[in-house]
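Scroll down for the structure; my scribbles are underneath it.
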2 protein chains.
Amino acid sequence: MSLQLRPGQALKLWHDSVLDLVHLDESGLTVRQLSILLTVYLELPPHTVRGVAQKLKVTKPVITRALDSLGRLELVARRRDPADKRNVLIQRTVKGALFVEKLGDFMVSRAQTLPS
Amino acid sequence: MSLQLRPGQALKLWHDSVLDLVHLDESGLTVRQLSILLTVYLELPPHTVRGVAQKLKVTKPVITRALDSLGRLELVARRRDPADKRNVLIQRTVKGALFVEKLGDFMVSRAQTLPS
DNA sequence: CTCGATTGTTACGCAACCGATATAGAGCAG
DNA sequence: CTGCTCTATATCGGTTGCGTAACAATCGAG
């Protein structure tokens, strides 16, 4: 089953949710950082720097720097891959999980207030 | 009529849409800039610097700088208010309208591919 | 073991953003 | 006109992000 959504609804939903995110902004997140965060929390592990870089179509240093920032905020963590020590595994954190969960709740409640 | 959306669906929809946005990224938009852009195009004019600043709960210089950037990208335009020349009216542009429209289309098509 | 390939990080120069403060221009009450 | 308020912008120092290029660590084929 697919979700039917008209452009006007979609944009309003995005607008409202982004506004919530800006208000929640203890962080100063970039669109890229947000994208990385959601990728790590929504797609199946394991996540490597290279893999995420390909997914976002950006260079690896971009991911490294974003992980520095997200790590400082404790929204994600890094760990060396024991199997192949060249790899870095991007891991979830409690704080990050709560943050993402809050984002989802915002969007759900915003969706309920959309005009038909 | 409200739109029923489960948290998992909402987050996946956001993830997919943000990913599209990052790919479309000729711009390097900030979450704040995106928020301003959507506000200008979705809410009723007129939009002033002060008004948008209140809406986003940020200071006015933040809006001024964001308008500099968005103006450089031709996504919005500025005009002095003839009635009260202290005000600056934030106006829409063709390029900005197309950009926002594209965002809406992305989200609509992403919504259709959501699992139920 | 050796060497090329792969992974992630760091270094560098540059541009953009931030918060806070100061400033310039316009309105408005008296 | 005078002074006070309001608007938006300019300025300052500091922080952060970017792209490119170099780098160290690790793997794996031969």
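Ordered as shown in the structure tokens, chains take letters A, B, and onward, while each chain numbers its residues from 1 and ligands are numbered from 1 in the order shown.
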
Could you fit chain A onto chain B by least squares over every C-alpha atom, paired in order, and give me the moved chain as a short mmCIF file (atom, residue, chain, number, x, y, z; two decimals) with N, CA and C atoms, in the first residue's frame?
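Final output, selection_32.cif:
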data_model
loop_
_atom_site.label_atom_id
_atom_site.label_comp_id
_atom_site.auth_asym_id
_atom_site.auth_seq_id
_atom_site.Cartn_x
_atom_site.Cartn_y
_atom_site.Cartn_z
N MET A 1 -9.96 16.29 7.23
CA MET A 1 -9.35 14.96 7.21
C MET A 1 -7.87 15.05 7.49
N SER A 2 -7.40 14.22 8.41
CA SER A 2 -5.99 14.25 8.76
C SER A 2 -5.26 13.09 8.09
N LEU A 3 -3.99 13.26 7.97
CA LEU A 3 -3.17 12.24 7.33
C LEU A 3 -2.59 11.32 8.41
N GLN A 4 -2.95 10.07 8.32
CA GLN A 4 -2.43 9.11 9.30
C GLN A 4 -1.07 8.60 8.84
N LEU A 5 -0.11 8.68 9.76
CA LEU A 5 1.26 8.34 9.40
C LEU A 5 1.91 7.72 10.63
N ARG A 6 2.54 6.57 10.45
CA ARG A 6 3.24 5.97 11.58
C ARG A 6 4.67 6.50 11.64
N PRO A 7 5.27 6.49 12.85
CA PRO A 7 6.61 7.07 13.00
C PRO A 7 7.61 6.49 12.02
N GLY A 8 7.57 5.20 11.83
CA GLY A 8 8.51 4.59 10.91
C GLY A 8 8.33 5.10 9.49
N GLN A 9 7.10 5.23 9.07
CA GLN A 9 6.82 5.78 7.74
C GLN A 9 7.31 7.22 7.63
N ALA A 10 6.99 7.99 8.67
CA ALA A 10 7.35 9.40 8.66
C ALA A 10 8.86 9.57 8.52
N LEU A 11 9.59 8.82 9.31
CA LEU A 11 11.04 8.96 9.29
C LEU A 11 11.63 8.52 7.95
N LYS A 12 11.08 7.42 7.42
CA LYS A 12 11.59 6.96 6.13
C LYS A 12 11.29 8.00 5.05
N LEU A 13 10.11 8.58 5.12
CA LEU A 13 9.74 9.61 4.14
C LEU A 13 10.70 10.79 4.24
N TRP A 14 11.00 11.17 5.48
CA TRP A 14 11.92 12.29 5.67
C TRP A 14 13.31 11.93 5.16
N HIS A 15 13.75 10.75 5.52
CA HIS A 15 15.07 10.29 5.10
C HIS A 15 15.20 10.31 3.59
N ASP A 16 14.22 9.71 2.90
CA ASP A 16 14.27 9.64 1.45
C ASP A 16 14.28 11.03 0.82
N SER A 17 13.45 11.90 1.36
CA SER A 17 13.32 13.23 0.78
C SER A 17 14.59 14.04 1.01
N VAL A 18 15.13 13.95 2.22
CA VAL A 18 16.36 14.68 2.52
C VAL A 18 17.50 14.17 1.64
N LEU A 19 17.50 12.88 1.40
CA LEU A 19 18.52 12.30 0.53
C LEU A 19 18.39 12.87 -0.88
N ASP A 20 17.17 12.97 -1.36
CA ASP A 20 16.94 13.60 -2.66
C ASP A 20 17.48 15.03 -2.66
N LEU A 21 17.20 15.73 -1.58
CA LEU A 21 17.64 17.12 -1.49
C LEU A 21 19.15 17.22 -1.51
N VAL A 22 19.82 16.33 -0.80
CA VAL A 22 21.28 16.35 -0.78
C VAL A 22 21.84 16.07 -2.17
N HIS A 23 21.20 15.17 -2.88
CA HIS A 23 21.66 14.86 -4.24
C HIS A 23 21.46 16.03 -5.17
N LEU A 24 20.38 16.74 -4.94
CA LEU A 24 20.05 17.91 -5.77
C LEU A 24 20.96 19.09 -5.43
N ASP A 25 21.87 18.86 -4.50
CA ASP A 25 22.59 19.92 -3.82
C ASP A 25 23.58 20.66 -4.71
N GLU A 26 23.08 21.55 -5.55
CA GLU A 26 23.99 22.47 -6.22
C GLU A 26 24.32 23.58 -5.24
N SER A 27 23.59 23.58 -4.15
CA SER A 27 23.46 24.77 -3.33
C SER A 27 24.24 24.72 -2.03
N GLY A 28 24.11 23.64 -1.27
CA GLY A 28 24.69 23.60 0.07
C GLY A 28 23.81 24.27 1.09
N LEU A 29 22.51 24.07 0.95
CA LEU A 29 21.55 24.72 1.82
C LEU A 29 21.67 24.26 3.28
N THR A 30 21.42 25.19 4.17
CA THR A 30 21.32 24.90 5.59
C THR A 30 19.87 24.55 5.92
N VAL A 31 19.68 23.86 7.05
CA VAL A 31 18.32 23.57 7.48
C VAL A 31 17.55 24.88 7.69
N ARG A 32 18.25 25.86 8.24
CA ARG A 32 17.60 27.16 8.44
C ARG A 32 17.20 27.80 7.13
N GLN A 33 18.11 27.75 6.16
CA GLN A 33 17.80 28.36 4.87
C GLN A 33 16.62 27.65 4.21
N LEU A 34 16.62 26.34 4.31
CA LEU A 34 15.51 25.57 3.76
C LEU A 34 14.21 25.97 4.44
N SER A 35 14.29 26.15 5.74
CA SER A 35 13.10 26.54 6.49
C SER A 35 12.57 27.90 6.04
N ILE A 36 13.48 28.84 5.83
CA ILE A 36 13.08 30.16 5.36
C ILE A 36 12.45 30.05 3.98
N LEU A 37 13.09 29.29 3.11
CA LEU A 37 12.58 29.14 1.75
C LEU A 37 11.15 28.59 1.76
N LEU A 38 10.92 27.56 2.54
CA LEU A 38 9.59 26.95 2.57
C LEU A 38 8.58 27.91 3.18
N THR A 39 9.00 28.64 4.19
CA THR A 39 8.09 29.60 4.80
C THR A 39 7.64 30.65 3.79
N VAL A 40 8.59 31.17 3.04
CA VAL A 40 8.27 32.22 2.07
C VAL A 40 7.33 31.68 0.98
N TYR A 41 7.52 30.44 0.61
CA TYR A 41 6.74 29.92 -0.51
C TYR A 41 5.42 29.26 -0.09
N LEU A 42 5.29 28.96 1.20
CA LEU A 42 4.06 28.27 1.61
C LEU A 42 3.13 29.16 2.42
N GLU A 43 3.68 30.14 3.12
CA GLU A 43 2.80 30.97 3.92
C GLU A 43 2.45 32.24 3.16
N LEU A 44 1.36 32.86 3.59
CA LEU A 44 0.85 34.02 2.88
C LEU A 44 1.76 35.22 3.02
N PRO A 45 2.03 35.92 1.92
CA PRO A 45 2.77 37.17 2.00
C PRO A 45 1.92 38.21 2.74
N PRO A 46 2.50 39.32 3.13
CA PRO A 46 3.91 39.67 2.94
C PRO A 46 4.82 39.05 3.99
N HIS A 47 6.08 38.83 3.62
CA HIS A 47 7.08 38.32 4.54
C HIS A 47 8.14 39.39 4.79
N THR A 48 8.34 39.69 6.06
CA THR A 48 9.40 40.63 6.42
C THR A 48 10.50 39.88 7.16
N VAL A 49 11.65 40.52 7.26
CA VAL A 49 12.77 39.91 7.98
C VAL A 49 12.37 39.63 9.42
N ARG A 50 11.78 40.63 10.03
CA ARG A 50 11.37 40.47 11.42
C ARG A 50 10.36 39.33 11.60
N GLY A 51 9.39 39.28 10.70
CA GLY A 51 8.36 38.26 10.80
C GLY A 51 8.93 36.85 10.69
N VAL A 52 9.80 36.66 9.72
CA VAL A 52 10.40 35.34 9.53
C VAL A 52 11.29 35.00 10.72
N ALA A 53 12.00 36.00 11.22
CA ALA A 53 12.88 35.76 12.38
C ALA A 53 12.05 35.26 13.57
N GLN A 54 10.90 35.87 13.78
CA GLN A 54 10.04 35.44 14.89
C GLN A 54 9.53 34.03 14.66
N LYS A 55 9.13 33.78 13.42
CA LYS A 55 8.61 32.45 13.09
C LYS A 55 9.64 31.36 13.35
N LEU A 56 10.88 31.61 12.99
CA LEU A 56 11.94 30.61 13.19
C LEU A 56 12.57 30.70 14.58
N LYS A 57 12.23 31.77 15.30
CA LYS A 57 12.83 31.98 16.63
C LYS A 57 14.33 32.14 16.55
N VAL A 58 14.77 32.94 15.59
CA VAL A 58 16.20 33.27 15.48
C VAL A 58 16.33 34.79 15.39
N THR A 59 17.56 35.27 15.44
CA THR A 59 17.78 36.71 15.39
C THR A 59 17.71 37.23 13.96
N LYS A 60 17.53 38.52 13.83
CA LYS A 60 17.38 39.10 12.50
C LYS A 60 18.61 38.96 11.61
N PRO A 61 19.82 39.15 12.16
CA PRO A 61 20.98 38.96 11.28
C PRO A 61 21.02 37.57 10.63
N VAL A 62 20.53 36.59 11.31
CA VAL A 62 20.48 35.26 10.72
C VAL A 62 19.65 35.28 9.45
N ILE A 63 18.52 35.96 9.51
CA ILE A 63 17.67 36.06 8.33
C ILE A 63 18.34 36.86 7.23
N THR A 64 18.92 37.98 7.60
CA THR A 64 19.60 38.81 6.60
C THR A 64 20.65 38.01 5.85
N ARG A 65 21.46 37.29 6.60
CA ARG A 65 22.52 36.50 5.96
C ARG A 65 21.95 35.39 5.09
N ALA A 66 20.90 34.75 5.59
CA ALA A 66 20.29 33.68 4.80
C ALA A 66 19.70 34.25 3.51
N LEU A 67 19.14 35.45 3.59
CA LEU A 67 18.58 36.06 2.39
C LEU A 67 19.69 36.43 1.41
N ASP A 68 20.85 36.81 1.95
CA ASP A 68 22.00 37.05 1.07
C ASP A 68 22.30 35.79 0.26
N SER A 69 22.38 34.68 0.96
CA SER A 69 22.70 33.41 0.28
C SER A 69 21.61 33.01 -0.69
N LEU A 70 20.37 33.01 -0.21
CA LEU A 70 19.26 32.60 -1.06
C LEU A 70 19.10 33.55 -2.24
N GLY A 71 19.43 34.82 -2.00
CA GLY A 71 19.37 35.80 -3.08
C GLY A 71 20.42 35.52 -4.14
N ARG A 72 21.63 35.19 -3.68
CA ARG A 72 22.70 34.84 -4.62
C ARG A 72 22.29 33.67 -5.51
N LEU A 73 21.57 32.73 -4.91
CA LEU A 73 21.09 31.57 -5.66
C LEU A 73 19.82 31.89 -6.45
N GLU A 74 19.34 33.12 -6.30
CA GLU A 74 18.11 33.57 -6.99
C GLU A 74 16.88 32.77 -6.59
N LEU A 75 16.90 32.28 -5.36
CA LEU A 75 15.74 31.53 -4.89
C LEU A 75 14.71 32.44 -4.22
N VAL A 76 15.14 33.59 -3.77
CA VAL A 76 14.22 34.62 -3.27
C VAL A 76 14.78 35.99 -3.69
N ALA A 77 13.95 37.02 -3.53
CA ALA A 77 14.40 38.38 -3.85
C ALA A 77 13.96 39.32 -2.73
N ARG A 78 14.61 40.45 -2.63
CA ARG A 78 14.26 41.45 -1.63
C ARG A 78 13.72 42.71 -2.28
N ARG A 79 12.80 43.36 -1.59
CA ARG A 79 12.28 44.64 -2.08
C ARG A 79 11.90 45.49 -0.89
N ARG A 80 12.19 46.74 -0.92
CA ARG A 80 11.77 47.65 0.13
C ARG A 80 10.25 47.78 0.11
N ASP A 81 9.69 47.83 1.27
CA ASP A 81 8.24 48.06 1.38
C ASP A 81 7.98 49.53 1.08
N PRO A 82 7.19 49.83 0.05
CA PRO A 82 6.93 51.24 -0.28
C PRO A 82 6.12 51.93 0.81
N ALA A 83 5.28 51.18 1.49
CA ALA A 83 4.42 51.78 2.52
C ALA A 83 5.24 52.16 3.77
N ASP A 84 6.02 51.24 4.25
CA ASP A 84 6.89 51.51 5.39
C ASP A 84 8.32 51.14 5.00
N LYS A 85 9.08 52.15 4.67
CA LYS A 85 10.38 51.89 4.03
C LYS A 85 11.40 51.27 4.98
N ARG A 86 11.00 51.07 6.23
CA ARG A 86 11.91 50.34 7.11
C ARG A 86 11.86 48.85 6.80
N ASN A 87 10.75 48.42 6.32
CA ASN A 87 10.56 46.99 6.06
C ASN A 87 11.19 46.53 4.75
N VAL A 88 11.59 45.28 4.75
CA VAL A 88 12.03 44.63 3.52
C VAL A 88 11.07 43.49 3.26
N LEU A 89 10.52 43.47 2.08
CA LEU A 89 9.60 42.39 1.71
C LEU A 89 10.38 41.30 0.98
N ILE A 90 10.19 40.09 1.46
CA ILE A 90 10.86 38.95 0.84
C ILE A 90 9.94 38.40 -0.24
N GLN A 91 10.45 38.34 -1.45
CA GLN A 91 9.60 37.95 -2.56
C GLN A 91 10.06 36.67 -3.22
N ARG A 92 9.11 36.03 -3.87
CA ARG A 92 9.38 34.77 -4.55
C ARG A 92 9.99 35.04 -5.91
N THR A 93 10.67 34.04 -6.43
CA THR A 93 11.25 34.13 -7.77
C THR A 93 10.84 32.89 -8.57
N VAL A 94 11.02 32.98 -9.85
CA VAL A 94 10.68 31.85 -10.72
C VAL A 94 11.55 30.64 -10.35
N LYS A 95 12.84 30.91 -10.18
CA LYS A 95 13.77 29.83 -9.87
C LYS A 95 13.41 29.17 -8.54
N GLY A 96 13.07 30.01 -7.56
CA GLY A 96 12.70 29.47 -6.25
C GLY A 96 11.43 28.64 -6.32
N ALA A 97 10.47 29.12 -7.10
CA ALA A 97 9.21 28.39 -7.24
C ALA A 97 9.45 27.02 -7.85
N LEU A 98 10.30 26.98 -8.86
CA LEU A 98 10.60 25.70 -9.50
C LEU A 98 11.30 24.75 -8.53
N PHE A 99 12.21 25.32 -7.73
CA PHE A 99 12.95 24.52 -6.75
C PHE A 99 11.99 23.90 -5.74
N VAL A 100 11.13 24.72 -5.19
CA VAL A 100 10.18 24.23 -4.19
C VAL A 100 9.25 23.19 -4.81
N GLU A 101 8.85 23.46 -6.03
CA GLU A 101 7.96 22.51 -6.72
C GLU A 101 8.63 21.16 -6.87
N LYS A 102 9.92 21.19 -7.20
CA LYS A 102 10.67 19.96 -7.37
C LYS A 102 10.73 19.19 -6.05
N LEU A 103 10.94 19.93 -4.96
CA LEU A 103 10.95 19.32 -3.64
C LEU A 103 9.64 18.59 -3.36
N GLY A 104 8.55 19.25 -3.68
CA GLY A 104 7.25 18.64 -3.46
C GLY A 104 7.06 17.38 -4.27
N ASP A 105 7.52 17.42 -5.52
CA ASP A 105 7.39 16.25 -6.38
C ASP A 105 8.20 15.09 -5.83
N PHE A 106 9.41 15.37 -5.38
CA PHE A 106 10.23 14.33 -4.77
C PHE A 106 9.47 13.64 -3.66
N MET A 107 8.92 14.47 -2.78
CA MET A 107 8.28 13.92 -1.59
C MET A 107 7.05 13.10 -1.96
N VAL A 108 6.29 13.58 -2.92
CA VAL A 108 5.10 12.84 -3.34
C VAL A 108 5.49 11.47 -3.88
N SER A 109 6.53 11.45 -4.71
CA SER A 109 6.89 10.17 -5.31
C SER A 109 7.52 9.25 -4.27
N ARG A 110 8.20 9.82 -3.29
CA ARG A 110 8.74 9.01 -2.20
C ARG A 110 7.64 8.43 -1.33
N ALA A 111 6.59 9.23 -1.15
CA ALA A 111 5.47 8.76 -0.33
C ALA A 111 4.81 7.54 -0.96
N GLN A 112 4.77 7.53 -2.29
CA GLN A 112 4.10 6.44 -2.98
C GLN A 112 4.85 5.12 -2.84
N THR A 113 6.13 5.19 -2.54
CA THR A 113 6.92 3.96 -2.44
C THR A 113 7.05 3.47 -1.00
N LEU A 114 6.37 4.16 -0.08
CA LEU A 114 6.44 3.74 1.32
C LEU A 114 5.72 2.41 1.54
N PRO A 115 6.29 1.54 2.36
CA PRO A 115 5.56 0.33 2.74
C PRO A 115 4.43 0.71 3.70
N SER A 116 3.38 -0.09 3.70
CA SER A 116 2.19 0.28 4.47
C SER A 116 2.34 -0.01 5.95
#

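Every residue of chain D that lies within 8 Å of chain B is listed here, counting only C-alpha atoms (C1' of nucleotides): DC6, DT7, DA8 and DT9 of chain D.
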
Same residues, N, CA, C and O atoms (P, O5', C5', C4', C3', O3' and C1' of nucleotides), output as a PDB file, in the first residue's frame:
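Resulting contents of part28.pdb:
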ATOM      1  P    DC D   6       9.810  49.966  19.926  1.00  0.00           P
ATOM      2  O5'  DC D   6      10.073  49.668  18.386  1.00  0.00           O
ATOM      3  C5'  DC D   6       9.078  50.024  17.428  1.00  0.00           C
ATOM      4  C4'  DC D   6       9.661  49.890  16.038  1.00  0.00           C
ATOM      5  C3'  DC D   6      10.341  48.534  15.792  1.00  0.00           C
ATOM      6  O3'  DC D   6       9.604  47.821  14.808  1.00  0.00           O
ATOM      7  C1'  DC D   6      11.660  50.370  14.999  1.00  0.00           C
ATOM      8  P    DT D   7      10.113  46.349  14.414  1.00  0.00           P
ATOM      9  O5'  DT D   7      10.986  46.581  13.106  1.00  0.00           O
ATOM     10  C5'  DT D   7      10.388  47.134  11.936  1.00  0.00           C
ATOM     11  C4'  DT D   7      11.464  47.378  10.906  1.00  0.00           C
ATOM     12  C3'  DT D   7      12.310  46.157  10.595  1.00  0.00           C
ATOM     13  O3'  DT D   7      11.872  45.577   9.390  1.00  0.00           O
ATOM     14  C1'  DT D   7      13.656  48.130  10.885  1.00  0.00           C
ATOM     15  P    DA D   8      12.340  44.148   8.928  1.00  0.00           P
ATOM     16  O5'  DA D   8      13.829  44.387   8.429  1.00  0.00           O
ATOM     17  C5'  DA D   8      14.034  45.153   7.248  1.00  0.00           C
ATOM     18  C4'  DA D   8      15.488  45.579   7.156  1.00  0.00           C
ATOM     19  C3'  DA D   8      16.464  44.438   6.890  1.00  0.00           C
ATOM     20  O3'  DA D   8      16.978  44.591   5.571  1.00  0.00           O
ATOM     21  C1'  DA D   8      17.291  45.959   8.547  1.00  0.00           C
ATOM     22  P    DT D   9      18.061  43.590   5.004  1.00  0.00           P
ATOM     23  O5'  DT D   9      19.439  44.264   5.457  1.00  0.00           O
ATOM     24  C5'  DT D   9      19.712  45.588   5.030  1.00  0.00           C
ATOM     25  C4'  DT D   9      20.981  46.084   5.684  1.00  0.00           C
ATOM     26  C3'  DT D   9      22.222  45.222   5.399  1.00  0.00           C
ATOM     27  O3'  DT D   9      23.179  46.043   4.766  1.00  0.00           O
ATOM     28  C1'  DT D   9      22.055  45.768   7.703  1.00  0.00           C
TER      29       DT D   9
END

*So which bits of range 23-105 of chain B end up alpha helix (DSSP H) when you DSSP the backbone, as number ranges by chain?*
B: 23, 31-42, 49-56, 60-72, 94-105

*Could you give me the residues within chain A that DSSP places in strand (DSSP E or B), as number ranges by chain?*
A: 30, 48, 76-80, 88-92

_Neighbour list for DG30 in chain C as a list in words, cut-off 12 Å, only C-alpha atoms (C1' of nucleotides), skip fewer than 5 positions in-chain_ = DC1, DT2, DG3 and DC4 of chain D

*asked:* At a cut-off of 12 Å, using only C-alpha atoms (C1' of nucleotides), what residues contact DA29 in chain D? Leave out same-chain residues fewer than 6 positions from it and give the result as a ChimeraX atom specification.
replied: /C:2-5

Can you write out as JSON lines which residues of chain C fall within 10 Å of chain A, alongside each residue's closest atom pair and its distance in Å to one decimal, counting only C-alpha atoms (C1' of nucleotides) and ordering rows by chain and ascending residue number?
{"residue": "C:DT6", "atom": "C1'", "partner": "A:Arg86", "partner_atom": "CA", "distance": 8.1}
{"residue": "C:DT7", "atom": "C1'", "partner": "A:Arg86", "partner_atom": "CA", "distance": 5.0}
{"residue": "C:DG8", "atom": "C1'", "partner": "A:Arg86", "partner_atom": "CA", "distance": 7.0}
{"residue": "C:DT9", "atom": "C1'", "partner": "A:Thr64", "partner_atom": "CA", "distance": 7.5}
{"residue": "C:DT10", "atom": "C1'", "partner": "A:Pro61", "partner_atom": "CA", "distance": 9.4}
{"residue": "C:DC18", "atom": "C1'", "partner": "A:Gly28", "partner_atom": "CA", "distance": 9.6}

How would the residues just chosen look if you wrote them out with all heavy atoms as a short mmCIF file (atom, residue, chain, number, x, y, z; two decimals), in the first residue's frame?
data_model
loop_
_atom_site.label_atom_id
_atom_site.label_comp_id
_atom_site.auth_asym_id
_atom_site.auth_seq_id
_atom_site.Cartn_x
_atom_site.Cartn_y
_atom_site.Cartn_z
P DT C 6 41.33 -0.65 -5.62
OP1 DT C 6 40.21 -1.40 -6.20
OP2 DT C 6 41.75 0.66 -6.15
"O5'" DT C 6 41.03 -0.47 -4.06
"C5'" DT C 6 40.85 -1.62 -3.25
"C4'" DT C 6 40.63 -1.20 -1.81
"O4'" DT C 6 41.89 -0.82 -1.22
"C3'" DT C 6 39.70 0.01 -1.65
"O3'" DT C 6 38.68 -0.32 -0.72
"C2'" DT C 6 40.62 1.11 -1.13
"C1'" DT C 6 41.69 0.31 -0.41
N1 DT C 6 43.00 1.00 -0.29
C2 DT C 6 43.63 1.00 0.91
O2 DT C 6 43.19 0.46 1.90
N3 DT C 6 44.84 1.67 0.93
C4 DT C 6 45.44 2.31 -0.13
O4 DT C 6 46.52 2.87 0.00
C5 DT C 6 44.71 2.28 -1.37
C7 DT C 6 45.26 2.96 -2.59
C6 DT C 6 43.54 1.62 -1.38
P DT C 7 37.53 0.66 -0.39
OP1 DT C 7 36.29 -0.13 -0.25
OP2 DT C 7 37.60 1.81 -1.31
"O5'" DT C 7 37.95 1.19 1.04
"C5'" DT C 7 38.18 0.28 2.12
"C4'" DT C 7 38.55 1.05 3.35
"O4'" DT C 7 39.91 1.50 3.22
"C3'" DT C 7 37.71 2.30 3.57
"O3'" DT C 7 37.03 2.26 4.82
"C2'" DT C 7 38.68 3.46 3.51
"C1'" DT C 7 40.02 2.80 3.73
N1 DT C 7 41.11 3.47 2.96
C2 DT C 7 42.25 3.85 3.62
O2 DT C 7 42.42 3.68 4.81
N3 DT C 7 43.19 4.46 2.83
C4 DT C 7 43.10 4.71 1.47
O4 DT C 7 44.02 5.25 0.86
C5 DT C 7 41.88 4.29 0.85
C7 DT C 7 41.67 4.52 -0.62
C6 DT C 7 40.95 3.69 1.61
P DG C 8 35.82 3.27 5.10
OP1 DG C 8 34.84 2.60 5.95
OP2 DG C 8 35.41 3.86 3.81
"O5'" DG C 8 36.55 4.40 5.96
"C5'" DG C 8 37.13 4.03 7.20
"C4'" DG C 8 38.17 5.04 7.61
"O4'" DG C 8 39.13 5.20 6.54
"C3'" DG C 8 37.63 6.44 7.92
"O3'" DG C 8 37.81 6.70 9.30
"C2'" DG C 8 38.45 7.38 7.02
"C1'" DG C 8 39.62 6.51 6.57
N9 DG C 8 40.14 6.82 5.24
C8 DG C 8 39.47 6.72 4.05
N7 DG C 8 40.19 7.05 3.00
C5 DG C 8 41.41 7.40 3.55
C6 DG C 8 42.59 7.85 2.92
O6 DG C 8 42.81 8.03 1.70
N1 DG C 8 43.61 8.09 3.85
C2 DG C 8 43.49 7.92 5.21
N2 DG C 8 44.55 8.20 5.94
N3 DG C 8 42.39 7.50 5.81
C4 DG C 8 41.39 7.27 4.93
P DT C 9 37.44 8.12 9.91
OP1 DT C 9 37.22 7.92 11.35
OP2 DT C 9 36.39 8.73 9.08
"O5'" DT C 9 38.79 8.97 9.74
"C5'" DT C 9 39.97 8.45 10.34
"C4'" DT C 9 41.14 9.35 10.03
"O4'" DT C 9 41.38 9.35 8.61
"C3'" DT C 9 40.94 10.81 10.44
"O3'" DT C 9 41.92 11.13 11.42
"C2'" DT C 9 41.12 11.60 9.16
"C1'" DT C 9 41.86 10.63 8.25
N1 DT C 9 41.58 10.78 6.80
C2 DT C 9 42.57 11.23 5.97
O2 DT C 9 43.68 11.53 6.36
N3 DT C 9 42.21 11.32 4.64
C4 DT C 9 40.98 11.01 4.09
O4 DT C 9 40.78 11.13 2.88
C5 DT C 9 39.99 10.55 5.01
C7 DT C 9 38.61 10.19 4.52
C6 DT C 9 40.32 10.46 6.32
P DT C 10 41.88 12.56 12.09
OP1 DT C 10 42.38 12.40 13.48
OP2 DT C 10 40.57 13.16 11.84
"O5'" DT C 10 42.97 13.37 11.24
"C5'" DT C 10 44.25 12.81 11.03
"C4'" DT C 10 45.08 13.71 10.12
"O4'" DT C 10 44.62 13.61 8.75
"C3'" DT C 10 45.02 15.20 10.49
"O3'" DT C 10 46.35 15.70 10.48
"C2'" DT C 10 44.16 15.80 9.39
"C1'" DT C 10 44.48 14.90 8.21
N1 DT C 10 43.43 14.81 7.15
C2 DT C 10 43.77 15.04 5.84
O2 DT C 10 44.89 15.34 5.49
N3 DT C 10 42.73 14.91 4.94
C4 DT C 10 41.42 14.57 5.23
O4 DT C 10 40.59 14.48 4.34
C5 DT C 10 41.14 14.35 6.63
C7 DT C 10 39.76 13.99 7.05
C6 DT C 10 42.14 14.48 7.51
P DC C 18 23.57 30.75 10.16
OP1 DC C 18 22.48 29.81 10.48
OP2 DC C 18 23.28 32.02 9.46
"O5'" DC C 18 24.35 31.09 11.50
"C5'" DC C 18 24.85 30.02 12.29
"C4'" DC C 18 25.61 30.58 13.49
"O4'" DC C 18 26.84 31.17 13.03
"C3'" DC C 18 24.86 31.69 14.21
"O3'" DC C 18 24.20 31.16 15.34
"C2'" DC C 18 25.95 32.68 14.62
"C1'" DC C 18 27.20 32.23 13.90
N1 DC C 18 27.86 33.27 13.06
C2 DC C 18 28.97 33.95 13.53
O2 DC C 18 29.39 33.69 14.67
N3 DC C 18 29.56 34.89 12.75
C4 DC C 18 29.08 35.14 11.54
N4 DC C 18 29.68 36.06 10.79
C5 DC C 18 27.93 34.44 11.03
C6 DC C 18 27.35 33.52 11.82
#
